[in-house]
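The next block is structure_35.cif, given as mmCIF, C-alpha atoms.
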```cif
data_start
loop_
_atom_site.label_atom_id
_atom_site.label_comp_id
_atom_site.auth_asym_id
_atom_site.auth_seq_id
_atom_site.Cartn_x
_atom_site.Cartn_y
_atom_site.Cartn_z
CA MET A 1138 62.34 7.13 -35.16
CA LYS A 1139 58.68 6.29 -35.66
CA ILE A 1140 56.58 9.43 -36.10
CA TYR A 1141 52.79 9.76 -35.90
CA PHE A 1142 50.88 12.80 -37.19
CA TYR A 1143 47.57 14.15 -35.92
CA THR A 1144 46.04 16.97 -37.96
CA LEU A 1145 43.26 19.39 -37.10
CA GLY A 1146 41.69 21.96 -39.39
CA CYS A 1147 41.73 22.73 -43.08
CA LYS A 1148 43.18 21.22 -46.26
CA VAL A 1149 46.20 23.50 -45.97
CA ASN A 1150 47.02 21.84 -42.65
CA GLN A 1151 46.54 18.45 -44.32
CA PHE A 1152 48.92 19.49 -47.08
CA GLU A 1153 51.51 20.68 -44.60
CA THR A 1154 51.23 17.47 -42.58
CA GLN A 1155 51.96 15.33 -45.61
CA ALA A 1156 54.84 17.66 -46.55
CA LEU A 1157 56.35 17.31 -43.08
CA SER A 1158 55.95 13.54 -43.28
CA LEU A 1159 57.81 13.51 -46.60
CA LEU A 1160 60.62 15.65 -45.21
CA LEU A 1161 61.01 13.47 -42.12
CA SER A 1162 60.95 10.32 -44.25
CA GLU A 1163 63.81 11.77 -46.29
CA HIS A 1164 65.73 12.08 -43.01
CA GLY A 1165 65.32 8.34 -42.51
CA HIS A 1166 62.39 8.34 -40.11
CA GLU A 1167 59.28 6.14 -40.40
CA VAL A 1168 55.79 7.66 -40.50
CA CYS A 1169 53.40 5.32 -38.69
CA GLU A 1170 49.61 5.05 -38.79
CA SER A 1171 49.11 4.58 -35.05
CA PRO A 1172 50.45 6.47 -32.02
CA GLU A 1173 50.86 3.21 -30.10
CA ASN A 1174 54.54 2.66 -30.90
CA ALA A 1175 55.47 6.18 -31.97
CA ASP A 1176 58.63 7.82 -30.70
CA VAL A 1177 57.32 11.25 -31.69
CA ILE A 1178 53.73 12.51 -32.03
CA VAL A 1179 53.34 15.64 -34.19
CA ILE A 1180 50.14 17.62 -33.68
CA ASN A 1181 49.24 20.18 -36.37
CA THR A 1182 46.85 22.64 -34.70
CA CYS A 1183 43.96 24.85 -35.83
CA THR A 1184 42.83 28.18 -34.40
CA VAL A 1185 40.00 29.28 -36.67
CA THR A 1186 37.52 29.39 -33.75
CA ALA A 1187 37.60 29.15 -29.96
CA VAL A 1188 36.29 25.60 -30.36
CA SER A 1189 39.25 24.81 -32.63
CA ASP A 1190 41.62 26.10 -29.95
CA GLN A 1191 39.98 23.88 -27.37
CA LYS A 1192 40.12 20.81 -29.62
CA SER A 1193 43.79 21.43 -30.38
CA ARG A 1194 44.78 21.80 -26.73
CA SER A 1195 42.68 18.78 -25.74
CA ALA A 1196 44.40 16.67 -28.40
CA ILE A 1197 47.84 17.68 -27.13
CA ARG A 1198 46.94 16.84 -23.52
CA ARG A 1199 45.35 13.54 -24.55
CA PHE A 1200 48.38 12.34 -26.51
CA ALA A 1201 50.79 13.49 -23.80
CA LYS A 1202 48.79 11.60 -21.15
CA ASN A 1203 48.05 8.43 -23.12
CA TYR A 1204 51.52 8.02 -24.67
CA PRO A 1205 54.04 9.18 -22.05
CA GLY A 1206 56.86 7.38 -23.84
CA ALA A 1207 56.50 9.57 -26.93
CA LYS A 1208 57.89 13.05 -27.43
CA ILE A 1209 55.26 15.67 -28.39
CA ALA A 1210 55.89 18.22 -31.16
CA VAL A 1211 53.33 20.91 -31.96
CA CYS A 1212 52.96 23.20 -34.97
CA GLY A 1213 50.24 25.07 -36.83
CA CYS A 1214 48.00 28.08 -36.41
CA LEU A 1215 47.28 27.84 -32.67
CA SER A 1216 50.95 27.66 -31.73
CA GLN A 1217 51.59 30.59 -34.10
CA ILE A 1218 48.91 32.78 -32.53
CA ASN A 1219 49.25 31.66 -28.92
CA PRO A 1220 52.46 29.71 -28.24
CA GLU A 1221 52.05 30.32 -24.50
CA SER A 1222 48.91 28.17 -24.47
CA ILE A 1223 51.01 25.30 -25.87
CA ARG A 1224 54.05 25.95 -23.72
CA SER A 1225 51.92 25.60 -20.59
CA ILE A 1226 50.99 21.99 -21.46
CA GLU A 1227 53.16 19.41 -19.74
CA GLY A 1228 54.96 17.00 -22.05
CA VAL A 1229 55.46 19.22 -25.11
CA SER A 1230 59.07 19.11 -26.34
CA VAL A 1231 59.04 21.16 -29.57
CA ILE A 1232 56.85 24.07 -30.64
CA ALA A 1233 56.65 25.71 -34.07
CA GLY A 1234 54.20 28.01 -35.82
CA THR A 1235 53.20 28.24 -39.48
CA ALA A 1236 56.65 28.86 -40.96
CA ALA A 1237 60.29 27.71 -40.71
CA ARG A 1238 59.37 24.06 -41.20
CA ASP A 1239 63.03 23.27 -41.90
CA VAL A 1240 63.87 24.26 -38.32
CA PHE A 1241 60.87 22.29 -37.03
CA VAL A 1242 62.01 19.16 -38.91
CA GLU A 1243 65.56 19.60 -37.61
CA ASN A 1244 64.30 19.94 -34.04
CA ILE A 1245 62.21 16.79 -34.40
CA CYS A 1246 65.24 14.93 -35.72
CA ASN A 1247 67.14 16.05 -32.61
CA ILE A 1248 64.21 15.86 -30.23
CA SER A 1249 66.00 13.66 -27.72
CA SER A 1250 68.59 16.35 -27.07
CA VAL A 1251 66.62 19.51 -27.90
CA ASN A 1252 63.91 21.01 -25.76
CA ASN A 1253 62.52 23.95 -27.69
CA ARG A 1254 59.46 24.74 -25.61
CA SER A 1255 60.64 28.34 -25.38
CA PHE A 1256 60.52 28.75 -29.16
CA THR A 1257 58.65 31.89 -30.15
CA PRO A 1258 57.15 31.94 -33.67
CA ASP A 1259 58.00 34.78 -36.05
CA ASN A 1260 55.88 37.83 -36.82
CA SER A 1261 53.66 36.38 -39.54
CA LEU A 1262 52.54 39.81 -40.77
CA LYS A 1263 56.12 40.52 -41.94
CA ARG A 1264 56.38 37.45 -44.15
CA ARG A 1265 56.96 38.12 -47.84
CA GLU A 1266 58.33 34.83 -49.24
CA PHE A 1267 56.38 31.67 -50.04
CA GLU A 1268 57.78 28.74 -48.07
CA TYR A 1269 58.25 25.79 -50.41
CA LEU A 1270 57.01 22.45 -49.14
CA PRO A 1271 56.88 19.27 -51.26
CA ALA A 1272 53.49 18.33 -52.70
CA GLY A 1273 51.98 14.92 -52.16
CA GLY A 1274 49.11 13.00 -50.63
CA LEU A 1275 48.25 11.86 -47.14
CA HIS A 1276 49.05 8.19 -46.49
CA GLY A 1277 46.69 5.92 -48.41
CA HIS A 1278 45.02 8.74 -50.35
CA THR A 1279 44.56 8.61 -54.10
CA ARG A 1280 44.49 12.38 -54.69
CA ALA A 1281 47.38 14.72 -54.03
CA MET A 1282 47.40 18.29 -52.77
CA LEU A 1283 49.47 21.18 -54.04
CA LYS A 1284 49.58 24.35 -51.97
CA ILE A 1285 49.83 27.23 -54.42
CA GLU A 1286 49.25 30.11 -51.99
CA ASP A 1287 49.54 31.06 -48.35
CA GLY A 1288 48.22 34.00 -46.33
CA CYS A 1289 45.24 36.35 -46.52
CA THR A 1290 44.67 40.09 -46.30
CA ASN A 1291 40.86 40.17 -46.23
CA PHE A 1292 40.63 40.62 -42.43
CA CYS A 1293 36.99 39.53 -42.13
CA THR A 1294 35.67 40.54 -38.71
CA TYR A 1295 35.26 36.93 -37.49
CA CYS A 1296 38.60 35.57 -38.70
CA ILE A 1297 41.99 35.30 -37.00
CA ILE A 1298 43.75 33.54 -39.90
CA PRO A 1299 45.41 36.64 -41.45
CA TYR A 1300 47.28 37.01 -38.16
CA SER A 1301 48.38 33.36 -38.07
CA ARG A 1302 49.32 33.11 -41.75
CA GLY A 1303 50.39 36.62 -42.76
CA PRO A 1304 49.99 38.33 -46.16
CA VAL A 1305 49.48 36.63 -49.51
CA ARG A 1306 52.46 34.68 -50.89
CA SER A 1307 52.28 32.55 -54.04
CA LEU A 1308 54.08 29.55 -55.49
CA ALA A 1309 55.81 30.43 -58.75
CA PRO A 1310 54.12 28.86 -61.81
CA ASP A 1311 57.26 27.01 -62.94
CA ILE A 1312 57.59 25.37 -59.52
CA ALA A 1313 53.89 24.43 -59.60
CA VAL A 1314 54.48 22.73 -62.95
CA ALA A 1315 57.53 20.91 -61.60
CA GLU A 1316 55.58 19.68 -58.55
CA CYS A 1317 52.75 18.40 -60.75
CA ARG A 1318 55.28 16.56 -62.88
CA LYS A 1319 56.55 14.79 -59.75
CA LEU A 1320 53.02 13.91 -58.69
CA ARG A 1321 52.23 12.46 -62.12
CA ALA A 1322 55.36 10.31 -61.86
CA GLN A 1323 53.98 9.04 -58.52
CA ASN A 1324 50.79 8.00 -60.37
CA TYR A 1325 48.46 10.53 -58.80
CA LYS A 1326 45.45 11.09 -61.06
CA GLU A 1327 43.94 14.08 -59.27
CA ILE A 1328 45.54 17.15 -57.72
CA VAL A 1329 43.74 19.57 -55.41
CA LEU A 1330 45.01 23.15 -55.68
CA THR A 1331 44.80 24.52 -52.18
CA GLY A 1332 45.80 27.54 -50.12
CA ILE A 1333 44.53 29.91 -47.48
CA GLU A 1334 42.95 32.22 -50.08
CA ILE A 1335 43.75 30.90 -53.56
CA SER A 1336 41.67 33.61 -55.22
CA SER A 1337 44.52 36.00 -54.37
CA TYR A 1338 47.07 33.75 -56.10
CA GLY A 1339 49.75 35.60 -58.02
CA ARG A 1340 49.16 39.16 -56.87
CA ASP A 1341 52.57 39.15 -55.12
CA LEU A 1342 54.53 37.63 -58.01
CA THR A 1343 56.66 39.50 -60.55
CA PRO A 1344 55.21 39.60 -63.12
CA LYS A 1345 51.79 39.31 -61.48
CA ALA A 1346 49.77 36.18 -62.18
CA GLU A 1347 46.17 35.05 -61.77
CA LEU A 1348 44.55 31.86 -60.55
CA SER A 1349 42.84 31.22 -63.89
CA GLY A 1350 46.15 31.52 -65.73
CA LEU A 1351 47.86 28.97 -63.49
CA VAL A 1352 44.91 26.56 -63.71
CA ALA A 1353 44.85 26.83 -67.51
CA GLN A 1354 48.61 26.22 -67.66
CA LEU A 1355 48.40 23.12 -65.48
CA CYS A 1356 45.33 21.69 -67.24
CA GLU A 1357 47.02 22.11 -70.60
CA GLU A 1358 50.38 20.73 -69.45
CA PHE A 1359 48.87 17.68 -67.73
CA PRO A 1360 45.74 16.58 -69.66
CA ASP A 1361 45.85 13.17 -67.96
CA ILE A 1362 45.44 14.66 -64.46
CA ARG A 1363 42.23 15.96 -62.92
CA PHE A 1364 42.61 19.34 -61.22
CA ARG A 1365 40.27 20.39 -58.43
CA LEU A 1366 40.07 23.89 -57.00
CA GLY A 1367 39.94 24.60 -53.30
CA SER A 1368 37.65 27.25 -51.83
CA ILE A 1369 37.44 30.39 -53.98
CA GLU A 1370 36.17 33.90 -53.34
CA PRO A 1371 33.05 34.65 -55.44
CA ARG A 1372 34.55 37.74 -57.10
CA THR A 1373 37.09 35.41 -58.74
CA ILE A 1374 34.32 34.10 -60.98
CA THR A 1375 34.12 36.45 -63.95
CA LYS A 1376 33.20 35.96 -67.58
CA GLU A 1377 36.92 36.01 -68.40
CA PHE A 1378 37.65 33.33 -65.77
CA CYS A 1379 34.95 31.05 -67.14
CA GLU A 1380 35.87 31.56 -70.79
CA LYS A 1381 39.52 30.78 -70.06
CA LEU A 1382 38.76 27.50 -68.29
CA ARG A 1383 35.54 26.16 -69.82
CA SER A 1384 37.28 24.02 -72.45
CA PHE A 1385 39.41 21.98 -70.05
CA THR A 1386 37.71 18.64 -69.43
CA ASN A 1387 40.29 17.80 -66.75
CA LEU A 1388 39.19 20.74 -64.58
CA CYS A 1389 36.74 19.24 -62.10
CA PRO A 1390 33.35 20.99 -62.39
CA HIS A 1391 33.10 21.47 -58.64
CA PHE A 1392 33.31 25.02 -57.34
CA HIS A 1393 33.30 25.82 -53.63
CA LEU A 1394 32.34 29.47 -53.27
CA SER A 1395 32.92 31.05 -49.88
CA MET A 1396 29.57 32.67 -48.97
CA GLN A 1397 29.16 32.86 -45.14
CA SER A 1398 25.79 34.67 -45.33
CA GLY A 1399 23.00 35.32 -47.80
CA CYS A 1400 22.07 38.66 -46.27
CA ASP A 1401 23.78 41.90 -47.31
CA GLU A 1402 23.55 43.47 -43.85
CA THR A 1403 25.24 40.46 -42.28
CA LEU A 1404 27.88 40.32 -45.00
CA SER A 1405 28.66 43.98 -44.29
CA ARG A 1406 29.18 43.30 -40.58
CA MET A 1407 31.42 40.38 -41.54
CA ARG A 1408 33.40 42.77 -43.75
CA ARG A 1409 33.05 40.46 -46.73
CA LYS A 1410 33.95 42.14 -50.02
CA TYR A 1411 30.86 41.21 -52.04
CA ASP A 1412 27.09 41.33 -51.69
CA THR A 1413 24.46 38.76 -52.58
CA GLU A 1414 23.97 40.23 -56.06
CA ARG A 1415 27.64 39.69 -56.87
CA PHE A 1416 27.60 36.23 -55.32
CA TYR A 1417 24.60 35.16 -57.39
CA LEU A 1418 26.28 36.47 -60.53
CA SER A 1419 29.12 34.02 -59.83
CA VAL A 1420 26.65 31.17 -59.41
CA SER A 1421 24.91 32.07 -62.68
CA LEU A 1422 28.18 32.36 -64.62
CA LEU A 1423 29.35 28.96 -63.42
CA ARG A 1424 26.09 27.30 -64.40
CA ASP A 1425 26.17 28.98 -67.82
CA TYR A 1426 29.74 27.96 -68.61
CA PHE A 1427 29.95 24.64 -66.74
CA PRO A 1428 26.48 23.03 -67.15
CA GLY A 1429 25.67 20.54 -64.41
CA CYS A 1430 28.56 21.66 -62.20
CA ALA A 1431 28.41 21.23 -58.45
CA ILE A 1432 28.41 24.48 -56.48
CA THR A 1433 29.04 24.15 -52.76
CA THR A 1434 29.51 26.71 -50.01
CA ASP A 1435 30.14 27.55 -46.35
CA MET A 1436 27.64 29.39 -44.17
CA ILE A 1437 27.85 30.91 -40.69
CA VAL A 1438 24.60 31.18 -38.72
CA GLY A 1439 24.03 33.32 -35.66
CA PHE A 1440 26.63 35.95 -36.49
CA PRO A 1441 26.45 38.88 -34.02
CA GLY A 1442 23.45 41.07 -34.78
CA GLU A 1443 21.81 38.57 -37.13
CA THR A 1444 18.07 39.07 -36.71
CA GLU A 1445 15.40 36.50 -37.49
CA ASP A 1446 14.53 38.46 -40.64
CA GLU A 1447 18.17 38.48 -41.74
CA PHE A 1448 18.39 34.75 -41.18
CA LYS A 1449 15.22 34.18 -43.22
CA THR A 1450 16.74 36.29 -45.98
CA THR A 1451 19.75 33.98 -45.96
CA LEU A 1452 17.52 30.89 -46.11
CA ALA A 1453 15.72 32.29 -49.14
CA PHE A 1454 19.04 33.11 -50.80
CA ILE A 1455 20.55 29.65 -50.42
CA GLU A 1456 17.40 28.15 -51.95
CA LYS A 1457 17.78 30.56 -54.86
CA CYS A 1458 21.38 29.41 -55.35
CA GLU A 1459 20.43 25.69 -55.20
CA PHE A 1460 23.72 24.52 -53.72
CA SER A 1461 24.63 20.88 -54.21
CA ALA A 1462 26.16 20.72 -50.70
CA MET A 1463 26.80 23.09 -47.81
CA HIS A 1464 28.93 23.29 -44.68
CA ILE A 1465 26.94 25.10 -41.97
CA PHE A 1466 28.58 26.43 -38.82
CA PRO A 1467 27.12 28.20 -35.80
CA TYR A 1468 29.15 31.37 -35.22
CA SER A 1469 31.90 30.80 -32.66
CA LYS A 1470 33.58 33.70 -30.89
CA ARG A 1471 37.28 34.03 -31.62
CA ALA A 1472 39.23 36.23 -29.22
CA GLY A 1473 41.28 38.83 -31.05
CA THR A 1474 38.70 39.45 -33.78
CA PRO A 1475 36.34 42.46 -34.05
CA ALA A 1476 33.26 40.21 -34.15
CA ALA A 1477 34.03 38.87 -30.67
CA LYS A 1478 33.46 42.37 -29.28
CA MET A 1479 30.31 43.14 -31.26
CA GLU A 1480 27.03 43.78 -29.51
CA ASN A 1481 23.93 41.60 -29.89
CA GLN A 1482 25.70 38.26 -29.61
CA ILE A 1483 23.29 35.41 -30.40
CA THR A 1484 22.61 32.78 -27.75
CA LYS A 1485 24.00 29.27 -28.18
CA ALA A 1486 20.47 27.84 -28.25
CA GLU A 1487 19.40 30.20 -31.04
CA LYS A 1488 22.53 29.50 -33.07
CA SER A 1489 21.90 25.76 -32.76
CA GLU A 1490 18.28 26.17 -33.85
CA ARG A 1491 19.24 28.25 -36.88
CA ALA A 1492 21.92 25.72 -37.82
CA ARG A 1493 19.27 22.99 -37.63
CA ARG A 1494 16.89 24.91 -39.89
CA ALA A 1495 19.58 25.78 -42.41
CA SER A 1496 20.83 22.17 -42.45
CA GLY A 1497 17.33 21.00 -43.28
CA VAL A 1498 17.24 23.22 -46.36
CA ALA A 1499 20.79 22.21 -47.33
CA LYS A 1500 20.05 18.48 -47.06
CA ARG A 1501 16.95 18.83 -49.22
CA MET A 1502 18.91 20.72 -51.91
CA GLU A 1503 21.70 18.14 -51.81
CA SER A 1504 19.19 15.32 -52.23
CA GLU A 1505 17.59 17.10 -55.19
CA TYR A 1506 20.98 17.58 -56.83
CA LEU A 1507 21.92 13.93 -56.35
CA LYS A 1508 18.57 12.75 -57.75
CA SER A 1509 19.11 14.92 -60.83
CA LEU A 1510 22.22 12.89 -61.66
CA THR A 1511 20.32 9.60 -62.09
CA GLY A 1512 20.93 8.18 -65.55
CA SER A 1513 23.96 10.37 -66.25
CA ILE A 1514 27.48 9.08 -66.84
CA HIS A 1515 30.43 10.25 -64.76
CA SER A 1516 34.16 9.64 -64.59
CA VAL A 1517 34.92 8.29 -61.11
CA LEU A 1518 38.30 8.06 -59.38
CA PHE A 1519 38.01 5.06 -57.06
CA GLU A 1520 39.58 5.18 -53.62
CA GLU A 1521 38.64 2.39 -51.22
CA PRO A 1522 36.48 -0.72 -50.64
CA CYS A 1523 33.40 -0.43 -48.45
CA ASP A 1524 31.26 -3.46 -47.44
CA GLY A 1525 31.25 -5.19 -50.82
CA TYR A 1526 31.32 -1.94 -52.80
CA PHE A 1527 34.10 0.23 -54.08
CA VAL A 1528 33.71 3.96 -53.53
CA GLY A 1529 35.22 6.97 -55.24
CA HIS A 1530 34.47 10.53 -56.27
CA ALA A 1531 33.15 11.84 -59.54
CA LYS A 1532 34.57 15.07 -60.93
CA ASN A 1533 31.72 16.95 -59.23
CA TYR A 1534 32.97 15.51 -55.90
CA VAL A 1535 29.90 13.33 -55.37
CA ARG A 1536 30.64 9.98 -53.72
CA VAL A 1537 29.83 7.06 -56.03
CA TYR A 1538 29.53 3.40 -55.02
CA VAL A 1539 29.72 0.40 -57.36
CA LYS A 1540 29.14 -3.24 -56.46
CA CYS A 1541 32.55 -4.75 -57.03
CA THR A 1542 34.99 -7.14 -55.38
CA ASP A 1543 37.92 -6.19 -57.62
CA ASN A 1544 40.55 -3.75 -56.42
CA LEU A 1545 39.69 -0.51 -58.20
CA LYS A 1546 41.89 1.76 -56.07
CA ASN A 1547 43.39 4.68 -58.03
CA SER A 1548 41.59 3.67 -61.22
CA ILE A 1549 39.26 5.93 -63.19
CA LYS A 1550 36.13 4.37 -64.68
CA ASN A 1551 33.07 5.68 -66.48
CA VAL A 1552 30.05 4.97 -64.33
CA LYS A 1553 26.34 5.22 -65.06
CA ILE A 1554 24.41 6.58 -62.07
CA CYS A 1555 21.51 4.38 -60.93
CA GLY A 1556 20.19 6.40 -57.99
CA LEU A 1557 20.71 7.48 -54.38
CA PHE A 1558 22.81 5.25 -52.14
CA ALA A 1559 24.29 5.68 -48.63
CA ASP A 1560 25.89 9.14 -48.51
CA GLY A 1561 26.11 9.44 -52.28
CA LEU A 1562 25.09 7.59 -55.41
CA LEU A 1563 25.00 4.00 -56.66
CA GLY A 1564 26.37 3.36 -60.10
CA GLU A 1565 27.44 0.65 -62.50
CA ILE A 1566 30.71 0.59 -64.41
CA LEU A 1567 30.25 0.84 -68.16
#
```
Whole structure, structure tokens version:
Amino acid sequence: MKIYFYTLGCKVNQFETQALSLLLSEHGHEVCESPENADVIVINTCTVTAVSDQKSRSAIRRFAKNYPGAKIAVCGCLSQINPESIRSIEGVSVIAGTAARDVFVENICNISSVNNRSFTPDNSLKRREFEYLPAGGLHGHTRAMLKIEDGCTNFCTYCIIPYSRGPVRSLAPDIAVAECRKLRAQNYKEIVLTGIEISSYGRDLTPKAELSGLVAQLCEEFPDIRFRLGSIEPRTITKEFCEKLRSFTNLCPHFHLSMQSGCDETLSRMRRKYDTERFYLSVSLLRDYFPGCAITTDMIVGFPGETEDEFKTTLAFIEKCEFSAMHIFPYSKRAGTPAAKMENQITKAEKSERARRASGVAKRMESEYLKSLTGSIHSVLFEEPCDGYFVGHAKNYVRVYVKCTDNLKNSIKNVKICGLFADGLLGEIL
């Protein structure tokens, strides 16, 4: 059969999509790049916000309507949390949640004779074992992903993910090493270590392990591969963490710290486990130990109860941190979370206005960071041609363009930065 994948949501979903595509390929099926001639369309859903739910359901309906000859299979966080909302959509043949991918693959293989719309996902909160899925890259990508952790027990007031993913489970270090060895044999030159909450990596293992220990082990074992960390909780960044990892030149100096707000009162209502003082300590430690590193973050604006003064406090804090890039989201109600029931919900218009103001500050800081790189030399992993240029990412995750007609895909070159260009920087290969 020809199988097409459509993925919504985070890097973990992207990882799981490529893993499912590998497993189905091993069963003799063909993964195709277009739904036009697909026998099966697999939709990997997201449920992080109400908007995500809507986008996931809309995608399922759209594919079912536009490609009536294809069978529809659905998995992911939305079908884990609310399988009834998927079951009610006409045309869906197979439903799975965020576990038991072996059963999901088997049902897809037998999709002509199996109608599993009545499938009810497991109780995610009772999960204790890490489900192994093969590492790899999405079709055409030059970097691979390795999921080292699943689940979260933070239970922030705005977040439904602990209920869709369950408690923390970690990939054993020896298996992580074995997966990286496979990826190196496939000629991947960069591996992204991802998970739902990788800062909690190893707390469930026997003996217990830590993220910094795994990263150090992988960087030492595979000096020819660049390792990039997914989103990390700010309390992960300690003096010990930095001292353990500072010497590894193959650890990408790009750190995405999950912030959400720069106001202590708002952070408290979000039930985040740090305050702005602790967050800024993480920023300072990273800049001390990894000079010139890129520090990026996420930010929610218009969280319930956020006053204008609290929002201004957040604006001042992000300027103090001088982030190199930011993802800014207006708060979106998610049914089933405490924040959805909080008083003093902010209007949509006000949330949009605050997002606009915050984005203005973020864009200015990003431009200043990019300008500061002019004249410096960076190692760039090239990925694809673009209108007479070839584009790739430096270790700090900045997009770099070079004028070149040669095929540079999956090559690493030293590039001198000339200045701002498009959505990144223009450089010349040394």
- As a check of understanding: the span from CA of Asn1387 in chain A to CA of Leu1423 in chain A is 16.0 Å
- Message: Which residues, named as in the file, does the PyMOL selection byres ((chain A and resi 1192) around 12) pick out? Answer as a list in words.
- Response: Tyr1143, Thr1144, Leu1145, Gly1146, Ile1180, Asn1181, Thr1182, Cys1183, Thr1184, Val1185, Thr1186, Ala1187, Val1188, Ser1189, Asp1190, Gln1191, Ser1193, Arg1194, Ser1195, Ala1196, Ile1197, Arg1198, Arg1199 and Leu1215 of chain A
- Query: Mind pulling up the distance from CA of Gln1151 in chain A to CA of Ser1301 in chain A?
  - Reply: 16.3 Å
- Determine the residue set returned by the PyMOL selection byres ((chain A and resi 1466) around 9) for the present structure, and present it as a list of chain:residue names. A:Asp1435, A:Met1436, A:Ile1437, A:Val1438, A:Gly1439, A:His1464, A:Ile1465, A:Pro1467, A:Tyr1468, A:Ser1469, A:Lys1488, A:Ala1492
- Message: Applying the PyMOL selection byres ((chain A and resi 1368-1373) around 10) to the file I just gave you, which residues come out? Please list them as number ranges by chain.
- Response: A: 1148, 1330-1337, 1347-1349, 1365-1367, 1374-1379, 1392-1396, 1409-1413, 1415-1420, 1433-1435
Since we have the selection now, will you write its residues out, keeping C-alpha atoms, as a PDB file, in the coordinates of the input?
```pdb
ATOM      1  CA  LYS A1148      43.180  21.220 -46.260  1.00  0.00           C
ATOM      2  CA  LEU A1330      45.010  23.150 -55.680  1.00  0.00           C
ATOM      3  CA  THR A1331      44.800  24.520 -52.180  1.00  0.00           C
ATOM      4  CA  GLY A1332      45.800  27.540 -50.120  1.00  0.00           C
ATOM      5  CA  ILE A1333      44.530  29.910 -47.480  1.00  0.00           C
ATOM      6  CA  GLU A1334      42.950  32.220 -50.080  1.00  0.00           C
ATOM      7  CA  ILE A1335      43.750  30.900 -53.560  1.00  0.00           C
ATOM      8  CA  SER A1336      41.670  33.610 -55.220  1.00  0.00           C
ATOM      9  CA  SER A1337      44.520  36.000 -54.370  1.00  0.00           C
ATOM     10  CA  GLU A1347      46.170  35.050 -61.770  1.00  0.00           C
ATOM     11  CA  LEU A1348      44.550  31.860 -60.550  1.00  0.00           C
ATOM     12  CA  SER A1349      42.840  31.220 -63.890  1.00  0.00           C
ATOM     13  CA  ARG A1365      40.270  20.390 -58.430  1.00  0.00           C
ATOM     14  CA  LEU A1366      40.070  23.890 -57.000  1.00  0.00           C
ATOM     15  CA  GLY A1367      39.940  24.600 -53.300  1.00  0.00           C
ATOM     16  CA  ILE A1374      34.320  34.100 -60.980  1.00  0.00           C
ATOM     17  CA  THR A1375      34.120  36.450 -63.950  1.00  0.00           C
ATOM     18  CA  LYS A1376      33.200  35.960 -67.580  1.00  0.00           C
ATOM     19  CA  GLU A1377      36.920  36.010 -68.400  1.00  0.00           C
ATOM     20  CA  PHE A1378      37.650  33.330 -65.770  1.00  0.00           C
ATOM     21  CA  CYS A1379      34.950  31.050 -67.140  1.00  0.00           C
ATOM     22  CA  PHE A1392      33.310  25.020 -57.340  1.00  0.00           C
ATOM     23  CA  HIS A1393      33.300  25.820 -53.630  1.00  0.00           C
ATOM     24  CA  LEU A1394      32.340  29.470 -53.270  1.00  0.00           C
ATOM     25  CA  SER A1395      32.920  31.050 -49.880  1.00  0.00           C
ATOM     26  CA  MET A1396      29.570  32.670 -48.970  1.00  0.00           C
ATOM     27  CA  ARG A1409      33.050  40.460 -46.730  1.00  0.00           C
ATOM     28  CA  LYS A1410      33.950  42.140 -50.020  1.00  0.00           C
ATOM     29  CA  TYR A1411      30.860  41.210 -52.040  1.00  0.00           C
ATOM     30  CA  ASP A1412      27.090  41.330 -51.690  1.00  0.00           C
ATOM     31  CA  THR A1413      24.460  38.760 -52.580  1.00  0.00           C
ATOM     32  CA  ARG A1415      27.640  39.690 -56.870  1.00  0.00           C
ATOM     33  CA  PHE A1416      27.600  36.230 -55.320  1.00  0.00           C
ATOM     34  CA  TYR A1417      24.600  35.160 -57.390  1.00  0.00           C
ATOM     35  CA  LEU A1418      26.280  36.470 -60.530  1.00  0.00           C
ATOM     36  CA  SER A1419      29.120  34.020 -59.830  1.00  0.00           C
ATOM     37  CA  VAL A1420      26.650  31.170 -59.410  1.00  0.00           C
ATOM     38  CA  THR A1433      29.040  24.150 -52.760  1.00  0.00           C
ATOM     39  CA  THR A1434      29.510  26.710 -50.010  1.00  0.00           C
ATOM     40  CA  ASP A1435      30.140  27.550 -46.350  1.00  0.00           C
TER      41      ASP A1435
END
```
- Write out as a PyMOL selection string each polymer residue whose atoms come within 9 Å of range 1541-1545 of chain A, counting all atoms listed in the file; drop sequence neighbours fewer than 5 positions from it. chain A and resi 1518-1522+1525-1528+1550
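Between CA of Met1282 in chain A and CA of Leu1422 in chain A the separation is 26.6 Å.
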- Go through A:Ser1548, A:Gln1155, A:Ser1216, A:Gln1323 one by one, measure the shortest atom-to-atom distance of each to Ala1236 in chain A using only C-alpha atoms, and give the residue with the smallest value.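 Counting only C-alpha atoms, the residue closest to Ala1236 in chain A is A:Ser1216.
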- Compare A:Glu1480, A:Glu1316, A:Asp1239, A:Asp1259 by their minimum atom-to-atom distance to Gln1217 in chain A, counting all atoms listed in the file, and give me the closest one.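 Counting all atoms listed in the file, the residue closest to Gln1217 in chain A is A:Asp1259.
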- Message: Let me make sure I understand: among A:Pro1475, A:Gly1556, A:Gly1429, A:Gly1561, which one has the smallest atom-to-atom distance to Thr1294 in chain A if we use all atoms listed in the file?
- Response: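 Closest to Thr1294 in chain A, using all atoms listed in the file: A:Pro1475.
Remark: for His1530 in chain A, the closest of the candidate residues A:Lys1202, A:His1166, A:Arg1363, A:Arg1264 is A:Arg1363 (distances computed over all atoms listed in the file).
Taking only C-alpha atoms into account, the residues near (50.4, 3.5, -31.8), no farther than 12 Å, are Lys1139, Ile1140, Tyr1141, Phe1142, Tyr1143, Val1168, Cys1169, Glu1170, Ser1171, Pro1172, Glu1173, Asn1174, Ala1175, Asp1176, Val1177, Ile1178, Phe1200, Asn1203, Tyr1204, Pro1205, Gly1206 and Ala1207 of chain A.
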